[in-house]
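Shown next, in C-alpha cells, is the structure this report addresses.
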Amino acid sequence: MLARQRSTSIRYRPDVAVEMAALDATDDPAWTDAELADIEERKLEYINMLHELGHGKRYWDEVTVGDKLAVRVFGPHSIASFATNGALTS
C-alpha cells in the first residue's frame with residue numbers, strides 16, 4: 001500500500017438550521033481553562049482506549065451490558081479541526 005485516505009462529509013438540512021436559528025449565532029463561545037482541560041482529558045481517554053484495543057478484529061459479542069465505553073469528543077472546533085474533521089492524533 002502506498003497511501004490511505006479517509007474522506008468524510010457533513011450533511012445538514014438548511015431549513016432545519018434556519019428553524020432552530022442555528023445560523024444566527026455570530027459570537028464564538030467562551031471556554032474556561034477548566035472546560036478545555038476536561039475536553040482534552042476526555043479526548044485522551046478515547047485515544048488511549050483505541051491504542052489499548054490494538055488493530056485486531058473487534059466483535060460485538062465482546063461488549064457486554066455495563067461495560068464502560070469511552071466517548072469520542074468533537075470540539076471545540078477550529079478551522080483546522082473542520083478541515084480535518086477531527087482526525088485522531090497522538
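Here, A, B, ... name the chains of the C-alpha cells in the order displayed, residue numbers run from 1 inside each chain, and ligands are numbered from 1 in the same displayed order.
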**Message:** Give me, as JSON, numbers by chain, the residues of chain A that a backbone DSSP run labels helix (DSSP H, G or I).
**Reply:** {"A": [14, 15, 16, 17, 18, 19, 22, 23, 24, 33, 34, 35, 36, 37, 38, 39, 40, 41, 42, 43, 44, 45, 46, 47, 48, 49, 50, 51, 52, 53, 60, 61, 62, 79, 80, 81, 82, 83, 84]}
Non-local contacts of segment 68-82 of chain A (10 Å; only C-alpha atoms; under 2 positions in same chain excluded) as a ChimeraX atom specification: /A:10,29,31,36,39-50,63-66,84-88
Would you mind exporting the chosen residues as a PDB file, in the first residue's frame, restricted to C-alpha atoms?
ATOM      1  CA  ILE A  10     -21.095  16.705   6.926  1.00  0.00           C
ATOM      2  CA  PRO A  29     -18.336  30.538  22.672  1.00  0.00           C
ATOM      3  CA  TRP A  31     -14.333  28.312  27.093  1.00  0.00           C
ATOM      4  CA  LEU A  36     -10.758  22.975  27.862  1.00  0.00           C
ATOM      5  CA  ILE A  39     -12.263  18.185  26.981  1.00  0.00           C
ATOM      6  CA  GLU A  40      -8.593  17.357  26.366  1.00  0.00           C
ATOM      7  CA  GLU A  41      -8.693  14.732  29.137  1.00  0.00           C
ATOM      8  CA  ARG A  42     -11.764  13.091  27.571  1.00  0.00           C
ATOM      9  CA  LYS A  43     -10.125  13.120  24.115  1.00  0.00           C
ATOM     10  CA  LEU A  44      -7.012  11.460  25.553  1.00  0.00           C
ATOM     11  CA  GLU A  45      -9.168   8.813  27.266  1.00  0.00           C
ATOM     12  CA  TYR A  46     -10.703   7.932  23.881  1.00  0.00           C
ATOM     13  CA  ILE A  47      -7.318   7.815  22.127  1.00  0.00           C
ATOM     14  CA  ASN A  48      -5.851   5.603  24.873  1.00  0.00           C
ATOM     15  CA  MET A  49      -8.822   3.232  24.579  1.00  0.00           C
ATOM     16  CA  LEU A  50      -8.153   2.856  20.846  1.00  0.00           C
ATOM     17  CA  VAL A  63     -19.169  -5.916  24.610  1.00  0.00           C
ATOM     18  CA  THR A  64     -21.496  -6.694  27.482  1.00  0.00           C
ATOM     19  CA  VAL A  65     -24.113  -4.692  29.321  1.00  0.00           C
ATOM     20  CA  GLY A  66     -22.424  -2.478  31.880  1.00  0.00           C
ATOM     21  CA  THR A  84      -9.540  17.576   9.076  1.00  0.00           C
ATOM     22  CA  ASN A  85     -12.926  16.598  10.575  1.00  0.00           C
ATOM     23  CA  GLY A  86     -11.458  15.803  13.966  1.00  0.00           C
ATOM     24  CA  ALA A  87      -8.857  13.299  12.796  1.00  0.00           C
ATOM     25  CA  LEU A  88      -7.240  11.485  15.711  1.00  0.00           C
TER      26      LEU A  88
END
